[in-house]
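Student: You'll find upload07.txt just under this line, and it carries compact mmCIF, C-alpha atoms.
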```txt
# COMPACT_ATOMS: atom_id res chain seq x y z
CA MET Q 1 72.76 33.43 43.50
CA ILE Q 2 73.59 31.55 46.70
CA ILE Q 3 71.88 28.20 47.13
CA SER Q 4 70.73 28.37 50.73
CA GLY Q 5 71.13 24.63 51.20
CA SER Q 6 74.77 24.54 50.13
CA ARG Q 7 77.37 23.46 52.69
CA ASP Q 8 79.44 26.63 52.26
CA PHE Q 9 76.47 28.91 52.83
CA GLN Q 10 75.27 26.96 55.86
CA ILE Q 11 78.74 26.99 57.45
CA ALA Q 12 79.14 30.71 56.80
CA LEU Q 13 75.82 31.41 58.50
CA TYR Q 14 76.61 28.93 61.26
CA CYS Q 15 79.79 30.84 62.08
CA LEU Q 16 77.68 33.76 63.21
CA SER Q 17 74.99 31.77 64.99
CA PRO Q 18 74.56 32.34 68.75
CA ARG Q 19 73.48 28.70 69.16
CA PHE Q 20 76.86 27.20 69.97
CA GLY Q 21 75.72 26.12 73.43
CA ASN Q 22 74.63 22.49 73.11
CA ARG Q 23 76.85 19.45 72.66
CA GLU Q 24 75.77 18.69 69.10
CA ASN Q 25 76.58 22.22 67.90
CA LEU Q 26 79.95 22.21 69.66
CA LEU Q 27 80.79 18.94 67.86
CA LYS Q 28 79.83 20.52 64.55
CA LEU Q 29 82.03 23.51 65.30
CA LYS Q 30 84.95 21.21 66.15
CA GLN Q 31 84.51 19.32 62.89
CA MET Q 32 84.33 22.57 60.94
CA LYS Q 33 87.56 23.82 62.51
CA SER Q 34 89.31 20.54 61.72
CA THR Q 35 88.84 21.19 58.00
CA SER Q 36 89.39 24.94 58.02
CA LEU Q 37 93.19 24.75 57.75
CA GLN Q 38 93.00 22.77 54.52
CA GLU Q 39 90.22 25.04 53.24
CA ILE Q 40 92.39 28.08 53.92
CA GLU Q 41 95.34 26.49 52.12
CA ASP Q 42 93.09 25.75 49.15
CA ALA Q 43 91.79 29.32 49.21
CA LYS Q 44 95.33 30.74 49.29
CA LYS Q 45 96.26 28.68 46.23
CA ALA Q 46 93.11 29.87 44.49
CA ALA Q 47 93.87 33.50 45.37
CA LEU Q 48 97.33 33.14 43.86
CA GLU Q 49 95.77 31.62 40.74
CA VAL Q 50 93.45 34.63 40.45
CA LEU Q 51 96.32 37.10 40.78
CA LEU Q 52 98.45 35.27 38.21
CA HIS Q 53 95.51 35.07 35.81
CA ASN Q 54 94.92 38.82 36.22
CA ALA Q 55 98.61 39.79 36.04
CA HIS Q 56 98.52 40.44 32.28
CA GLY Q 57 95.58 42.31 30.80
CA PRO Q 58 94.75 43.89 27.43
CA TYR Q 59 96.00 47.38 28.34
CA MET Q 60 99.77 47.55 27.77
CA GLY Q 61 100.10 44.14 29.44
CA LEU Q 62 99.18 45.70 32.79
CA PRO Q 63 97.23 43.68 35.38
CA ARG Q 64 93.47 43.60 35.08
CA THR Q 65 91.16 44.52 37.96
CA ALA Q 66 88.97 41.43 37.70
CA GLY Q 67 89.15 38.15 35.85
CA TRP Q 68 86.69 39.07 33.11
CA GLY Q 69 84.47 42.03 33.97
CA TYR Q 70 87.10 44.70 34.61
CA PRO Q 71 89.96 44.37 32.11
CA GLU Q 72 91.21 47.89 32.91
CA PRO Q 73 94.09 48.46 35.34
CA TYR Q 74 92.43 50.57 38.05
CA THR Q 75 95.09 52.28 40.16
CA ARG Q 76 93.47 51.98 43.57
CA ASP Q 77 92.64 48.27 43.17
CA LEU Q 78 96.17 47.44 42.07
CA MET Q 79 97.76 49.50 44.85
CA PHE Q 80 95.73 47.58 47.42
CA SER Q 81 96.76 44.33 45.73
CA ILE Q 82 100.35 45.07 46.78
CA PHE Q 83 99.44 43.97 50.33
CA GLY Q 84 98.86 40.39 49.18
CA ILE Q 85 101.47 40.30 46.44
CA ALA Q 86 104.12 41.45 48.91
CA VAL Q 87 103.50 38.47 51.21
CA SER Q 88 103.03 35.95 48.38
CA GLY Q 89 106.72 35.78 47.50
CA ASN Q 90 105.74 35.33 43.85
CA LYS Q 91 108.31 36.90 41.50
CA VAL Q 92 105.93 37.13 38.54
CA LEU Q 93 103.45 39.16 40.59
CA LEU Q 94 106.20 41.31 42.05
CA GLU Q 95 107.44 42.22 38.58
CA SER Q 96 103.89 42.97 37.45
CA ILE Q 97 103.58 45.47 40.31
CA ARG Q 98 106.95 46.97 39.44
CA LYS Q 99 105.57 47.59 35.95
CA VAL Q 100 102.42 49.16 37.42
CA LEU Q 101 104.38 51.54 39.66
CA ASN Q 102 106.76 52.51 36.85
CA THR Q 103 103.84 53.17 34.50
CA LEU Q 104 102.06 55.30 37.10
CA ALA Q 105 105.23 57.33 37.57
CA LYS Q 106 105.44 57.93 33.80
CA ASN Q 107 101.78 59.02 33.70
CA GLN Q 108 102.04 61.25 36.76
CA THR Q 109 100.95 64.84 36.10
CA GLU Q 110 103.36 67.75 36.12
CA HIS Q 111 102.23 68.66 39.63
CA GLY Q 112 102.50 65.12 41.02
CA HIS Q 113 98.96 63.71 40.81
CA ILE Q 114 98.55 59.98 39.99
CA PRO Q 115 95.82 58.97 37.48
CA SER Q 116 92.89 56.70 38.27
CA LEU Q 117 93.74 54.30 35.43
CA VAL Q 118 97.37 53.19 35.31
CA HIS Q 119 97.64 53.50 31.52
CA ASP Q 120 95.62 56.71 31.04
CA LYS Q 121 97.37 59.91 32.15
CA ASP Q 122 94.22 61.95 31.44
CA ASP Q 123 91.94 59.98 33.81
CA ARG Q 124 92.37 62.24 36.83
CA GLY Q 125 90.51 63.55 39.85
CA ALA Q 126 90.67 60.73 42.42
CA SER Q 127 91.59 61.68 45.98
CA ASP Q 128 93.02 58.29 46.94
CA THR Q 129 95.19 57.30 43.96
CA THR Q 130 98.16 59.53 44.82
CA PRO Q 131 98.32 58.51 48.52
CA LEU Q 132 97.83 54.85 47.55
CA PHE Q 133 100.67 55.16 45.03
CA LEU Q 134 102.92 56.48 47.81
CA LEU Q 135 101.83 53.66 50.11
CA GLY Q 136 102.48 51.13 47.34
CA VAL Q 137 105.95 52.47 46.61
CA GLY Q 138 106.72 52.50 50.34
CA ILE Q 139 105.80 48.83 50.68
CA PHE Q 140 107.67 47.95 47.47
CA ARG Q 141 110.83 49.65 48.73
CA LYS Q 142 110.65 47.79 52.05
CA LEU Q 143 110.13 44.51 50.21
CA THR Q 144 112.91 44.89 47.66
CA GLY Q 145 115.39 47.02 49.59
CA GLU Q 146 115.41 49.53 46.68
CA SER Q 147 115.34 52.60 48.90
CA GLU Q 148 115.52 55.11 46.00
CA PHE Q 149 112.94 53.40 43.78
CA LEU Q 150 110.96 56.08 41.86
CA HIS Q 151 112.56 58.84 43.96
CA GLU Q 152 111.55 61.73 41.68
CA ALA Q 153 107.93 60.55 41.33
CA VAL Q 154 107.66 60.09 45.10
CA GLU Q 155 108.94 63.61 45.79
CA LYS Q 156 106.44 65.10 43.35
CA ALA Q 157 103.59 63.05 44.84
CA LEU Q 158 104.52 64.07 48.39
CA LEU Q 159 104.40 67.73 47.38
CA TRP Q 160 101.05 67.23 45.63
CA MET Q 161 99.62 65.75 48.82
CA GLU Q 162 100.82 68.70 50.91
CA TYR Q 163 98.82 70.99 48.63
CA GLN Q 164 95.63 68.97 49.28
CA SER Q 165 95.13 70.59 52.69
CA PRO Q 166 92.74 73.58 52.41
CA SER Q 167 93.91 74.87 55.80
CA ASP Q 168 97.57 74.42 54.75
CA ARG Q 169 98.11 72.09 57.68
CA TYR Q 170 98.24 68.27 57.71
CA LEU Q 171 94.85 66.66 57.09
CA VAL Q 172 94.01 66.40 53.38
CA ALA Q 173 90.57 67.05 51.94
CA GLN Q 174 88.61 65.63 49.04
CA GLN Q 175 85.60 66.12 46.82
CA PRO Q 176 82.56 63.81 47.11
CA THR Q 177 82.74 60.47 45.23
CA SER Q 178 86.46 60.96 44.56
CA ASP Q 179 87.83 58.07 46.64
CA TRP Q 180 87.11 54.34 46.23
CA ARG Q 181 83.45 55.09 47.04
CA ASP Q 182 82.60 56.56 43.66
CA GLU Q 183 78.89 56.21 44.45
CA GLN Q 184 78.93 57.79 47.90
CA TRP Q 185 79.55 61.24 49.31
CA VAL Q 186 82.59 61.79 51.48
CA LEU Q 187 83.19 65.50 51.88
CA GLY Q 188 86.24 67.35 53.17
CA TYR Q 189 88.59 65.53 55.54
CA GLY Q 190 87.83 61.86 54.88
CA LEU Q 191 89.00 59.23 57.33
CA PHE Q 192 90.11 56.63 54.76
CA VAL Q 193 92.35 58.92 52.71
CA ASN Q 194 93.99 60.39 55.81
CA THR Q 195 94.79 56.94 57.21
CA ILE Q 196 96.63 56.22 53.94
CA VAL Q 197 98.47 59.56 54.24
CA TYR Q 198 99.55 58.69 57.78
CA SER Q 199 100.69 55.23 56.67
CA TYR Q 200 102.89 56.34 53.78
CA LEU Q 201 104.45 59.07 55.92
CA ARG Q 202 105.49 56.38 58.42
CA LEU Q 203 106.84 54.13 55.66
CA PHE Q 204 108.99 56.97 54.31
CA GLY Q 205 110.27 57.86 57.78
CA LEU Q 206 108.48 61.23 57.78
CA ASP Q 207 107.51 60.65 61.39
CA GLU Q 208 107.15 64.25 62.51
CA ARG Q 209 104.59 65.00 59.81
CA ALA Q 210 102.85 61.68 60.45
CA GLU Q 211 102.47 62.58 64.11
CA GLU Q 212 100.92 65.92 63.13
CA VAL Q 213 98.37 64.06 60.97
CA ARG Q 214 97.58 61.80 63.91
CA ASN Q 215 97.24 64.79 66.26
CA GLU Q 216 94.82 66.55 63.93
CA MET Q 217 92.75 63.40 63.47
CA SER Q 218 92.58 63.04 67.25
CA LYS Q 219 90.68 66.32 67.66
CA PHE Q 220 86.91 66.23 67.99
CA THR Q 221 84.58 66.94 65.11
CA ILE Q 222 83.00 70.39 65.52
CA ILE Q 223 79.31 70.04 66.26
CA ALA Q 224 78.47 73.59 67.34
CA GLY Q 225 76.33 75.75 65.11
CA THR Q 226 79.19 78.13 64.44
CA GLY Q 227 82.89 77.63 63.94
CA HIS Q 228 85.53 79.22 66.14
CA HIS Q 229 88.61 81.07 65.00
CA HIS Q 230 91.75 78.87 65.06
CA VAL Q 231 89.74 75.81 66.17
CA HIS Q 232 90.43 73.02 63.66
CA GLU Q 233 88.12 70.10 63.07
CA GLY Q 234 89.24 66.54 63.69
CA LEU Q 235 87.80 63.06 63.23
CA VAL Q 236 87.12 61.90 66.79
CA VAL Q 237 83.44 61.33 67.61
CA LYS Q 238 82.34 62.16 71.15
CA HIS Q 239 81.18 59.17 73.19
CA LYS Q 240 82.07 56.71 70.38
CA PRO Q 241 85.29 54.67 70.03
CA TYR Q 242 85.59 55.03 66.26
CA TYR Q 243 86.61 57.88 63.94
CA ALA Q 244 84.09 59.87 61.87
CA LEU Q 245 83.62 59.03 58.20
CA TRP Q 246 84.44 62.65 57.34
CA SER Q 247 84.53 66.11 58.85
CA TYR Q 248 84.70 69.62 57.41
CA LYS Q 249 84.20 72.83 59.41
CA ILE Q 250 80.82 72.48 61.17
CA LEU Q 251 79.69 69.46 59.09
CA SER Q 252 80.56 65.80 59.60
CA SER Q 253 79.24 62.26 59.24
CA GLU Q 254 79.32 59.93 62.23
CA ARG Q 255 78.40 56.85 60.22
CA PHE Q 256 80.95 54.06 60.57
CA ASP Q 257 83.56 53.43 57.87
CA LEU Q 258 85.04 49.95 58.32
CA LEU Q 259 87.92 50.47 55.88
CA GLY Q 260 89.10 53.75 57.38
CA ASN Q 261 88.77 52.59 60.97
CA SER Q 262 90.48 49.26 60.26
CA LEU Q 263 93.40 51.14 58.72
CA ALA Q 264 93.45 53.43 61.78
CA ILE Q 265 93.92 50.34 63.97
CA LEU Q 266 96.37 48.66 61.60
CA SER Q 267 98.61 51.72 61.23
CA GLY Q 268 98.58 52.66 64.91
CA ILE Q 269 96.59 55.89 64.61
CA ALA Q 270 94.18 54.34 67.11
CA SER Q 271 95.74 53.58 70.48
CA PRO Q 272 95.53 49.97 71.73
CA SER Q 273 92.74 50.91 74.15
CA ARG Q 274 90.76 52.71 71.43
CA ALA Q 275 91.32 49.75 69.08
CA ASN Q 276 89.96 47.32 71.67
CA ASP Q 277 86.92 49.50 72.37
CA MET Q 278 86.30 49.94 68.65
CA ILE Q 279 86.42 46.23 67.90
CA LYS Q 280 83.99 45.47 70.72
CA TRP Q 281 81.67 48.19 69.43
CA ILE Q 282 81.84 46.80 65.86
CA GLU Q 283 81.02 43.26 66.95
CA ASP Q 284 78.20 44.43 69.27
CA GLU Q 285 76.68 46.56 66.51
CA CYS Q 286 76.86 43.68 64.05
CA ALA Q 287 75.14 41.38 66.54
CA ALA Q 288 72.36 43.96 66.89
CA MET Q 289 72.01 44.23 63.11
CA ARG Q 290 71.70 40.44 62.85
CA GLU Q 291 68.96 40.49 65.47
CA LYS Q 292 67.04 43.01 63.34
CA GLY Q 293 67.64 41.14 60.08
CA ASP Q 294 69.84 43.86 58.61
CA LEU Q 295 72.82 41.50 58.42
CA VAL Q 296 73.16 37.74 57.94
CA VAL Q 297 76.87 37.53 57.17
CA GLY Q 298 79.43 36.94 59.95
CA LEU Q 299 81.54 39.87 58.69
CA PRO Q 300 80.97 43.59 59.28
CA PRO Q 301 79.45 45.71 56.50
CA ASN Q 302 81.79 48.26 54.96
CA PHE Q 303 79.54 51.08 56.24
CA PHE Q 304 76.76 51.44 58.80
CA PRO Q 305 74.17 52.39 59.84
CA TYR Q 306 72.95 52.19 56.27
CA ILE Q 307 71.67 55.39 54.69
CA GLN Q 308 67.89 55.08 54.25
CA PRO Q 309 65.78 56.92 51.62
CA GLN Q 310 64.23 59.09 54.32
CA ASP Q 311 67.61 60.18 55.76
CA PRO Q 312 68.95 63.69 55.05
CA ASP Q 313 72.20 62.28 53.59
CA TRP Q 314 70.32 60.11 51.07
CA ASN Q 315 71.13 60.91 47.44
CA ASP Q 316 68.56 60.08 44.75
CA ARG Q 317 71.23 58.25 42.74
CA TYR Q 318 71.63 55.79 45.65
CA ALA Q 319 68.35 54.17 44.57
CA LEU Q 320 70.19 52.86 41.49
CA TYR Q 321 73.42 51.59 43.03
CA ASN Q 322 73.54 52.19 46.76
CA ASN Q 323 70.42 50.84 48.42
CA PRO Q 324 70.69 49.95 52.14
CA GLY Q 325 72.98 46.93 52.55
CA ASP Q 326 74.26 47.23 48.99
CA TYR Q 327 77.57 48.27 47.42
CA HIS Q 328 79.05 51.24 49.33
CA ASN Q 329 75.97 51.61 51.53
CA GLY Q 330 76.61 48.57 53.71
CA GLY Q 331 77.79 45.84 51.37
CA ILE Q 332 80.41 43.38 52.67
CA TRP Q 333 83.59 43.81 50.61
CA PRO Q 334 86.07 40.91 50.87
CA PHE Q 335 89.07 43.21 50.42
CA ILE Q 336 87.89 45.33 53.37
CA SER Q 337 87.18 42.19 55.39
CA GLY Q 338 90.81 41.22 54.79
CA ILE Q 339 91.98 44.54 56.21
CA TYR Q 340 89.62 44.21 59.18
CA ILE Q 341 91.08 40.77 59.91
CA ALA Q 342 94.58 42.30 59.77
CA ALA Q 343 93.39 45.00 62.19
CA LEU Q 344 92.16 42.28 64.58
CA VAL Q 345 95.62 40.72 64.48
CA ALA Q 346 97.17 44.15 65.11
CA ALA Q 347 94.95 44.43 68.20
CA LYS Q 348 96.04 40.91 69.27
CA LYS Q 349 92.50 39.56 68.82
CA TYR Q 350 93.89 36.37 67.32
CA LYS Q 351 90.92 34.10 68.00
CA LEU Q 352 88.44 36.57 66.54
CA ALA Q 353 90.71 37.12 63.54
CA GLN Q 354 90.76 33.36 62.88
CA GLU Q 355 86.97 33.19 63.17
CA LYS Q 356 86.53 36.01 60.66
CA LEU Q 357 89.06 34.44 58.29
CA ASP Q 358 87.05 31.20 58.42
CA VAL Q 359 83.86 33.05 57.48
CA LEU Q 360 85.62 34.98 54.71
CA THR Q 361 87.05 31.71 53.37
CA HIS Q 362 83.58 30.25 52.94
CA PHE Q 363 82.21 33.35 51.22
CA ILE Q 364 85.03 33.70 48.69
CA LYS Q 365 84.29 30.15 47.60
CA ILE Q 366 80.77 31.04 46.53
CA THR Q 367 80.58 31.55 42.78
CA LYS Q 368 77.94 32.23 40.17
CA SER Q 369 79.76 30.05 37.64
CA ASP Q 370 79.79 26.26 37.40
CA LYS Q 371 83.33 26.50 36.00
CA LEU Q 372 84.88 28.17 39.06
CA GLU Q 373 85.71 26.70 42.46
CA PHE Q 374 86.24 30.12 44.04
CA GLY Q 375 84.38 33.33 43.23
CA PHE Q 376 86.45 36.04 44.96
CA ASN Q 377 83.54 38.35 44.25
CA GLU Q 378 83.50 42.11 44.45
CA TRP Q 379 80.99 42.44 47.32
CA ILE Q 380 78.27 40.60 49.25
CA LYS Q 381 74.76 41.82 50.02
CA ALA Q 382 74.39 42.29 53.77
CA GLN Q 383 70.78 41.16 54.26
CA ASP Q 384 70.91 37.83 52.40
CA GLY Q 385 74.57 36.99 51.77
CA GLU Q 386 74.24 36.99 47.97
CA VAL Q 387 77.56 37.50 46.19
CA MET Q 388 77.51 40.49 43.85
CA GLY Q 389 79.64 42.27 41.27
CA GLN Q 390 82.50 40.81 39.29
CA GLU Q 391 84.22 37.51 40.08
CA TRP Q 392 87.97 36.91 40.44
CA GLN Q 393 88.42 40.43 41.75
CA THR Q 394 92.14 41.25 42.09
CA TRP Q 395 91.93 43.05 45.41
CA SER Q 396 89.58 40.44 46.90
CA ALA Q 397 92.17 37.74 46.17
CA ALA Q 398 95.15 39.84 47.27
CA LEU Q 399 93.71 40.96 50.59
CA TYR Q 400 92.66 37.39 51.34
CA LEU Q 401 96.32 36.37 51.02
CA TYR Q 402 97.37 39.24 53.28
CA ALA Q 403 94.74 38.43 55.91
CA ALA Q 404 95.68 34.74 55.93
CA LYS Q 405 99.36 35.66 56.38
CA CYS Q 406 98.54 37.97 59.28
CA VAL Q 407 96.49 35.28 61.04
CA GLU Q 408 99.10 32.56 60.46
CA ASP Q 409 102.07 34.60 61.68
CA LYS Q 410 100.26 36.76 64.26
CA CYS Q 411 101.82 39.86 62.76
CA THR Q 412 100.91 42.51 60.19
CA PRO Q 413 103.68 42.90 57.59
CA PHE Q 414 104.70 46.53 56.91
CA PHE Q 415 102.42 47.85 59.67
CA ASP Q 416 103.98 46.37 62.82
CA GLU Q 417 106.79 48.92 62.66
CA MET Q 418 104.32 51.79 62.27
CA ARG Q 419 102.53 50.88 65.47
CA GLU Q 420 105.80 50.58 67.34
CA LYS Q 421 106.60 54.16 66.34
```
Would it be possible to restate this file's structure as structure tokens?

Tutor:
Amino acid sequence: MIISGSRDFQIALYCLSPRFGNRENLLKLKQMKSTSLQEIEDAKKAALEVLLHNAHGPYMGLPRTAGWGYPEPYTRDLMFSIFGIAVSGNKVLLESIRKVLNTLAKNQTEHGHIPSLVHDKDDRGASDTTPLFLLGVGIFRKLTGESEFLHEAVEKALLWMEYQSPSDRYLVAQQPTSDWRDEQWVLGYGLFVNTIVYSYLRLFGLDERAEEVRNEMSKFTIIAGTGHHHVHEGLVVKHKPYYALWSYKILSSERFDLLGNSLAILSGIASPSRANDMIKWIEDECAAMREKGDLVVGLPPNFFPYIQPQDPDWNDRYALYNNPGDYHNGGIWPFISGIYIAALVAAKKYKLAQEKLDVLTHFIKITKSDKLEFGFNEWIKAQDGEVMGQEWQTWSAALYLYAAKCVEDKCTPFFDEMREK
């Protein structure tokens, strides 16, 4: 539980306060900034400590997903951790990821699908593990110069992904609760998964197919009561700068997915003008939510507007895990915040990226344990800023390192080249 009087909590809330106008508050802001560089350095060291602690777990010596609560090696978490490991320069972590990728390749199905748990070839059914594996291998190859690393496994995975398009075209589809949001419905052509598909295609130099994915995403969602022959749905929302959460035939969701849209900016799917409009829209919407009391944290929720019990897309199970402002239904996830910060750098919003990194730095310090200096928690409740879930989360630490690197160097490793294409 956050102690509301603590310095870290007060600073984190102060970062989002509109009351920066008077002289006293400006002095406080200046003092806060003067210590933020050291705080960020301390946080980077702590993030590295978390990753090294988690690098060897009880399952075949594979990395664990969190320091204590999640000993299992979850594929999607560890694939996202490659972002931070790649910029850390740490050889121990790099070799741990090599082991993860090799193990995934050994446990790949006959048809090319990648399991949800690295060590368990029978744990199948996720829509994002195979594209994330391809993204991870692509980054690993760029980092090491091993251009043929896991060639056979990559070819099988690429073919598997081609078969995931029901229309036999370029966008891939998924079943509900099959991506990282295992407690939330995303039906058909999901934004997040298709941004990963686009990204790995660019990394592997499959630019023609990547451009076809981008073209299909750039079509409007179909909102008419009936479909039209040879008219294919896309993910563009009319009169909004962001991409739809998902779309399939005449159905879609126009709720905002921060992870998918941040990856769309980072990878270059979104044009610079769309990226700028989207970022302004995100920050304006967050300001409005703070006015209404739906948000107290100076970071965007992973998903909004929140699904309410009276809404048609509410699922009864959400009352257990996914209440408004919680978990997948509007929680603030540090790993997603890290990707949003990288997207701000990609859009050349350097000042805003630094501000968000400062806020994230203060929140990852909050811990439930007296024995820890940094929590690196799983997620944060939107309405009160309480840290939730497991501490020392691998992807929370890794994406913090990646975000900090992006802000420091004003570039986005592995994604700058994609946007240039």

Student: Hey, what's within 12 Å of range 52-66 of chain Q if we count all atoms listed in the file and toss same-chain stuff fewer than 3 positions away? As an NGL selection string, please?

Tutor: :Q and (45-49 or 69-82 or 85 or 88 or 90-104 or 117-120 or 375-378 or 389-398)

Student: What's the 8 Å shell around Leu360 in chain Q, counting only C-alpha atoms, without same-chain residues fewer than 4 positions away, as a list in words?

Tutor: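 Counting only the stated atoms, we get Leu299, Pro334, Ser337, Lys356 and Ile364 of chain Q.
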
Student: With C-alpha atoms retained, export the selected residues as a JSON list (two decimals), in the frame of the given file.

Tutor:
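Here's the written file result_34.json:
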```
[["chain", "number", "residue", "atom", "x", "y", "z"],
["Q", 299, "LEU", "CA", 81.54, 39.87, 58.69],
["Q", 334, "PRO", "CA", 86.07, 40.91, 50.87],
["Q", 337, "SER", "CA", 87.18, 42.19, 55.39],
["Q", 356, "LYS", "CA", 86.53, 36.01, 60.66],
["Q", 364, "ILE", "CA", 85.03, 33.70, 48.69]]
```

Student: Sorted by chain and rising residue number, which residues of range 116-159 of chain Q lie within 7 Å of range 171-193 of chain Q, and what are their closest atom pairs and distances in Å to one decimal, counting all atoms listed in the file, as a Markdown table?

Tutor:
```
| residue | atom | partner | partner_atom | distance |
| --- | --- | --- | --- | --- |
| Q:Gly125 | CA | Q:Ser178 | CA | 6.7 |
| Q:Ala126 | CA | Q:Ser178 | CA | 4.7 |
| Q:Ser127 | CA | Q:Asp179 | CA | 5.3 |
| Q:Asp128 | CA | Q:Asp179 | CA | 5.2 |
```

Student: I'd like to know which of Q:Glu155, Q:Asp168, Q:Glu373, Q:Asp326 is closest to Met388 in chain Q, using only C-alpha atoms.

Tutor: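 Comparing Q:Glu155, Q:Asp168, Q:Glu373, Q:Asp326 against Met388 in chain Q, the winner is Q:Asp326.
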
Student: Give me, as a tab-separated table, each residue of range 238-273 of chain Q that comes within 10 Å of range 306-314 of chain Q, together with its shortest interatomic pair and the distance in Å at one decimal, counting all atoms listed in the file, with rows ordered by chain and rising residue number.

Tutor:
```
residue	atom	partner	partner_atom	distance
Q:Ser253	CA	Q:Asp313	CA	9.0
Q:Arg255	CA	Q:Tyr306	CA	8.2
Q:Phe256	CA	Q:Tyr306	CA	9.3
```

Student: Restricting the calculation to only C-alpha atoms: of Q:Met418, Q:Asn194, Q:Gly112, Q:Glu355, which residue gets closest to Leu159 in chain Q?

Tutor: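 Looking at the shortest contact to Leu159 in chain Q, the residue is Q:Gly112.
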
Student: Using Å and a single decimal, report how far CA of Leu134 in chain Q sits from CA of Ser116 in chain Q.

Tutor: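 Calculated distance between CA of Ser116 in chain Q and CA of Leu134 in chain Q is 13.8 Å.
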
Student: When distances are computed from only C-alpha atoms, which of Q:Ala43, Q:Ile332, Q:Ala346, Q:Leu201 shows the smallest separation from Lys381 in chain Q?

Tutor: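 Among Q:Ala43, Q:Ile332, Q:Ala346, Q:Leu201, it is Q:Ile332 that comes nearest to Lys381 in chain Q.
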
Student: With 6 Å of padding per side, what axis-aligned box (centre and edge lengths, Å, one decimal) covers all the listed atoms of range 374-392 of chain Q? Give it as JSON.

Tutor:
```
{"center_x": 79.4, "center_y": 36.3, "center_z": 46.8, "size_x": 29.2, "size_y": 24.3, "size_z": 27.0}
```

Student: Which residue, Q:Gly205, Q:Gly234, Q:Gly84, Q:Pro166, has the smallest gap to Gly136 in chain Q when you use only C-alpha atoms?

Tutor: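 The closest residue to Gly136 in chain Q is Q:Gly84.
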
Student: Quick check, in Å to one decimal: how far apart do CA of Trp246 in chain Q and CA of Ile380 in chain Q lie?

Tutor: 24.3 Å

Student: Give me range 338-348 of chain Q from this structure - N, CA, C and O atoms, as a compact mmCIF listing (two decimals), in the first residue's frame.

Tutor:
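Dumped everything to decode19.txt:
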```txt
# COMPACT_ATOMS: atom_id res chain seq x y z
N GLY Q 338 7.07 2.10 -20.33
CA GLY Q 338 8.38 2.16 -20.95
C GLY Q 338 8.29 2.23 -22.47
O GLY Q 338 9.03 2.99 -23.11
N ILE Q 339 7.37 1.48 -23.05
CA ILE Q 339 7.20 1.51 -24.51
C ILE Q 339 6.56 2.83 -24.95
O ILE Q 339 6.92 3.39 -26.00
N TYR Q 340 5.65 3.37 -24.14
CA TYR Q 340 5.08 4.68 -24.47
C TYR Q 340 6.16 5.76 -24.45
O TYR Q 340 6.21 6.62 -25.33
N ILE Q 341 7.04 5.70 -23.48
CA ILE Q 341 8.15 6.67 -23.41
C ILE Q 341 9.02 6.54 -24.65
O ILE Q 341 9.44 7.54 -25.25
N ALA Q 342 9.31 5.31 -25.07
CA ALA Q 342 10.08 5.11 -26.30
C ALA Q 342 9.35 5.68 -27.51
O ALA Q 342 9.96 6.28 -28.41
N ALA Q 343 8.02 5.53 -27.54
CA ALA Q 343 7.22 6.09 -28.63
C ALA Q 343 7.30 7.62 -28.64
O ALA Q 343 7.34 8.24 -29.71
N LEU Q 344 7.33 8.23 -27.46
CA LEU Q 344 7.48 9.69 -27.37
C LEU Q 344 8.82 10.12 -27.95
O LEU Q 344 8.91 11.13 -28.66
N VAL Q 345 9.87 9.36 -27.67
CA VAL Q 345 11.18 9.66 -28.24
C VAL Q 345 11.13 9.50 -29.76
O VAL Q 345 11.67 10.32 -30.50
N ALA Q 346 10.47 8.44 -30.23
CA ALA Q 346 10.34 8.23 -31.67
C ALA Q 346 9.64 9.41 -32.35
O ALA Q 346 9.99 9.77 -33.49
N ALA Q 347 8.69 10.01 -31.64
CA ALA Q 347 7.96 11.16 -32.18
C ALA Q 347 8.68 12.48 -31.89
O ALA Q 347 8.13 13.55 -32.15
N LYS Q 348 9.91 12.39 -31.35
CA LYS Q 348 10.73 13.56 -31.03
C LYS Q 348 10.10 14.45 -29.95
O LYS Q 348 10.36 15.65 -29.89
```
